[in-house]
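Chemist: Below is one structure. I have some questions about it.
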Amino acid sequence: MPKGDHAGRMHGFQLWANLPGALKMTPPRYQGIEAKDIPNMTDDDGTHVRLVCGKFWGKTGPVEGVAADPIYLDVSVPPGQRKTLPIETARHAFAYVFAGSAKFCNASEPLSVPTEPVGWADTTPPSAADNRSLVLFDQGDEVMVQAGDEGVRFLLVSGKPLQEPVAWYGPIVMNTQAQLQKAYQELEQGTFLKAENLK
């Protein structure tokens with residue numbers, strides 16, 4: 001199990017990846033990865049990247065077999081540093097800031113979404129993404145980040161779009177409303193997670 005620092009603190013993130021319709025009822029699985037198995041890379045400018053999944057800067061991350069073929073990076077950029085990170089144009093991408101602050105830009109305008117309450121009526125997008133902000137990117141081939149005075153640490157995740165319809169409610173994601181209704185009926189009847197899928 002993950003362990004925190006000397007005070008018991010740790011960061012924990014869950015990335016839920018939608019599956020293609022043909023794989024929706026695939027048996028669940030878990031990949032336990034230890035810190036020592038995650039490639040660590042440091043660029044000449046001090047930018048540090050931990051590669052959880054996918055290929056980046058000539059290395060391959062330990063998590064494999066995810067249908068959306070994600071690239072999942074833990075990126076730290078030193079204070080005041082500007083860094084450009086490549087993104088394949090066929091992918092959708094987002095950044096989640098969890099320490100420090102930064103300004104993001106790329107070939108298309110990003111949308112910054114605070115993930116903590118900041119006043120629902122405030123519709124003015126923030127000029128910088130700080131701790132607990134999600135930044136969604138439009139299509140482009142790179143993400144540029146300008147780190148704030150304390151530097152920035154963020155997850156940068158990209159994946160190939162499935163190009164399928166989505167019907168979603170609560171924890172269940174299907175392709176049609178009919179499939180979604182059937183899934184909820186099975187959930188109420190206790191048959192949604194079938195025993196043979198849990199072996």
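Each chain in the structure tokens gets a letter, A, B, ..., in the order shown, and its residues are numbered from 1; ligands are numbered from 1 in order too.
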Can you pull out the residues contacting region 72-77 of chain A? Cut-off 10 Å, using only C-alpha atoms, and skip same-chain residues under 5 positions away; I want them as a ChimeraX atom specification.
Modeler: /A:15,40-43,45-56,61,63,82-83,85,93,95-97,99-102,145-148,150-159
Chemist: Which residues come within 12 Å of Tyr30 (chain A), counting only C-alpha atoms, excluding same-chain residues fewer than 3 positions away, as a ChimeraX atom specification?
Modeler: /A:27,33,63-66,198
Chemist: Kindly save the residues from that selection, with all heavy atoms included, as a PDB file, in the first residue's frame.
Modeler:
ATOM      1  N   PRO A  27     -13.407  -7.604 -17.443  1.00  0.00           N
ATOM      2  CA  PRO A  27     -13.145  -7.779 -16.008  1.00  0.00           C
ATOM      3  C   PRO A  27     -12.207  -6.687 -15.483  1.00  0.00           C
ATOM      4  O   PRO A  27     -11.243  -6.311 -16.155  1.00  0.00           O
ATOM      5  CB  PRO A  27     -12.464  -9.152 -15.935  1.00  0.00           C
ATOM      6  CG  PRO A  27     -12.901  -9.869 -17.168  1.00  0.00           C
ATOM      7  CD  PRO A  27     -13.083  -8.803 -18.216  1.00  0.00           C
ATOM      8  N   ILE A  33       2.162  -0.424  -9.055  1.00  0.00           N
ATOM      9  CA  ILE A  33       3.465   0.056  -9.527  1.00  0.00           C
ATOM     10  C   ILE A  33       4.193   0.716  -8.359  1.00  0.00           C
ATOM     11  O   ILE A  33       3.629   1.563  -7.668  1.00  0.00           O
ATOM     12  CB  ILE A  33       3.289   1.095 -10.672  1.00  0.00           C
ATOM     13  CG1 ILE A  33       2.409   0.542 -11.800  1.00  0.00           C
ATOM     14  CG2 ILE A  33       4.634   1.567 -11.180  1.00  0.00           C
ATOM     15  CD1 ILE A  33       2.960  -0.644 -12.534  1.00  0.00           C
ATOM     16  N   VAL A  63       2.959   1.496 -16.454  1.00  0.00           N
ATOM     17  CA  VAL A  63       1.547   1.134 -16.595  1.00  0.00           C
ATOM     18  C   VAL A  63       1.274   0.859 -18.067  1.00  0.00           C
ATOM     19  O   VAL A  63       1.637   1.650 -18.943  1.00  0.00           O
ATOM     20  CB  VAL A  63       0.621   2.255 -16.073  1.00  0.00           C
ATOM     21  CG1 VAL A  63      -0.836   1.905 -16.324  1.00  0.00           C
ATOM     22  CG2 VAL A  63       0.866   2.490 -14.588  1.00  0.00           C
ATOM     23  N   GLU A  64       0.623  -0.274 -18.351  1.00  0.00           N
ATOM     24  CA  GLU A  64       0.394  -0.637 -19.745  1.00  0.00           C
ATOM     25  C   GLU A  64      -0.986  -1.256 -19.932  1.00  0.00           C
ATOM     26  O   GLU A  64      -1.662  -1.614 -18.966  1.00  0.00           O
ATOM     27  CB  GLU A  64       1.473  -1.612 -20.220  1.00  0.00           C
ATOM     28  CG  GLU A  64       1.600  -2.822 -19.353  1.00  0.00           C
ATOM     29  CD  GLU A  64       2.809  -3.688 -19.714  1.00  0.00           C
ATOM     30  OE1 GLU A  64       3.748  -3.195 -20.362  1.00  0.00           O
ATOM     31  OE2 GLU A  64       2.796  -4.859 -19.328  1.00  0.00           O
ATOM     32  N   GLY A  65      -1.413  -1.354 -21.193  1.00  0.00           N
ATOM     33  CA  GLY A  65      -2.657  -2.033 -21.524  1.00  0.00           C
ATOM     34  C   GLY A  65      -3.914  -1.227 -21.272  1.00  0.00           C
ATOM     35  O   GLY A  65      -4.973  -1.793 -21.062  1.00  0.00           O
ATOM     36  N   VAL A  66      -3.842   0.115 -21.294  1.00  0.00           N
ATOM     37  CA  VAL A  66      -5.019   0.960 -21.111  1.00  0.00           C
ATOM     38  C   VAL A  66      -5.544   1.331 -22.497  1.00  0.00           C
ATOM     39  O   VAL A  66      -4.787   1.807 -23.354  1.00  0.00           O
ATOM     40  CB  VAL A  66      -4.679   2.222 -20.292  1.00  0.00           C
ATOM     41  CG1 VAL A  66      -5.917   3.080 -20.094  1.00  0.00           C
ATOM     42  CG2 VAL A  66      -4.067   1.835 -18.945  1.00  0.00           C
ATOM     43  N   LEU A 198     -15.174 -10.841 -11.640  1.00  0.00           N
ATOM     44  CA  LEU A 198     -14.336 -10.447 -10.518  1.00  0.00           C
ATOM     45  C   LEU A 198     -13.243 -11.448 -10.190  1.00  0.00           C
ATOM     46  O   LEU A 198     -12.514 -11.287  -9.244  1.00  0.00           O
ATOM     47  CB  LEU A 198     -15.220 -10.211  -9.279  1.00  0.00           C
ATOM     48  CG  LEU A 198     -16.260  -9.096  -9.439  1.00  0.00           C
ATOM     49  CD1 LEU A 198     -17.115  -9.026  -8.197  1.00  0.00           C
ATOM     50  CD2 LEU A 198     -15.592  -7.762  -9.706  1.00  0.00           C
TER      51      LEU A 198
END
Chemist: Looking only at the backbone, which of the residues in region 4-61 of chain A does DSSP tag as strand (DSSP E or B), as number ranges by chain?
Modeler: A: 40-42, 48-53, 55-56, 59-60
Chemist: What would the file look like if the residues just selected were written as a PDB file, in the first residue's frame with C-alpha atoms?
Modeler:
ATOM      1  CA  ASN A  40      12.534   9.841 -13.549  1.00  0.00           C
ATOM      2  CA  MET A  41      13.972  12.292 -16.050  1.00  0.00           C
ATOM      3  CA  THR A  42      15.484  15.737 -15.495  1.00  0.00           C
ATOM      4  CA  HIS A  48      11.679  17.022 -13.741  1.00  0.00           C
ATOM      5  CA  VAL A  49       9.315  14.425 -15.258  1.00  0.00           C
ATOM      6  CA  ARG A  50       8.109  11.150 -13.777  1.00  0.00           C
ATOM      7  CA  LEU A  51       6.646   8.907 -16.493  1.00  0.00           C
ATOM      8  CA  VAL A  52       3.760   6.809 -15.176  1.00  0.00           C
ATOM      9  CA  CYS A  53       2.294   5.613 -18.475  1.00  0.00           C
ATOM     10  CA  LYS A  55       6.258   6.987 -23.959  1.00  0.00           C
ATOM     11  CA  PHE A  56       8.014  10.307 -23.394  1.00  0.00           C
ATOM     12  CA  LYS A  59      11.437   6.275 -22.081  1.00  0.00           C
ATOM     13  CA  THR A  60       8.390   4.045 -21.423  1.00  0.00           C
TER      14      THR A  60
END
Chemist: If we count only C-alpha atoms, what is near Ala178 (chain A) at a cut-off of 12 Å, once residues fewer than 5 positions away on the same chain are taken out, given as a list of chain:residue names?
Modeler: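 Non-adjacent residues within range: A:Val166, A:Ala167, A:Trp168, A:Val173, A:Ala183, A:Tyr184, A:Gln185.
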Chemist: Go through region 21-90 of chain A and flag each residue having an atom no more than 10 Å from region 132-139 of chain A; for those, report the closest pair of atoms plus their distance in Å to one decimal, using only C-alpha atoms, ordered by chain and rising number, as a Markdown table.
Modeler:
| residue | atom | partner | partner_atom | distance |
| --- | --- | --- | --- | --- |
| A:Ile87 | CA | A:Gln139 | CA | 9.0 |
| A:Glu88 | CA | A:Gln139 | CA | 8.9 |
| A:Thr89 | CA | A:Gln139 | CA | 6.1 |
| A:Ala90 | CA | A:Gln139 | CA | 7.7 |
Chemist: Pick from A:Glu34, A:Gly4, A:Glu164, A:Pro78: nearest to Asn18 (chain A), with only C-alpha atoms counted?
Modeler: A:Glu164
Chemist: Between A:Lys3, A:His92, A:Lys24, A:Arg9, which has the minimum distance to Asp141 (chain A) (counting only C-alpha atoms)?
Modeler: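 The shortest atom-to-atom distance to Asp141 (chain A) comes from A:His92.
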Chemist: Could you tell me how far CA of Arg91 (chain A) sits from CA of Gly58 (chain A), in Å to one decimal place?
Modeler: 18.3 Å
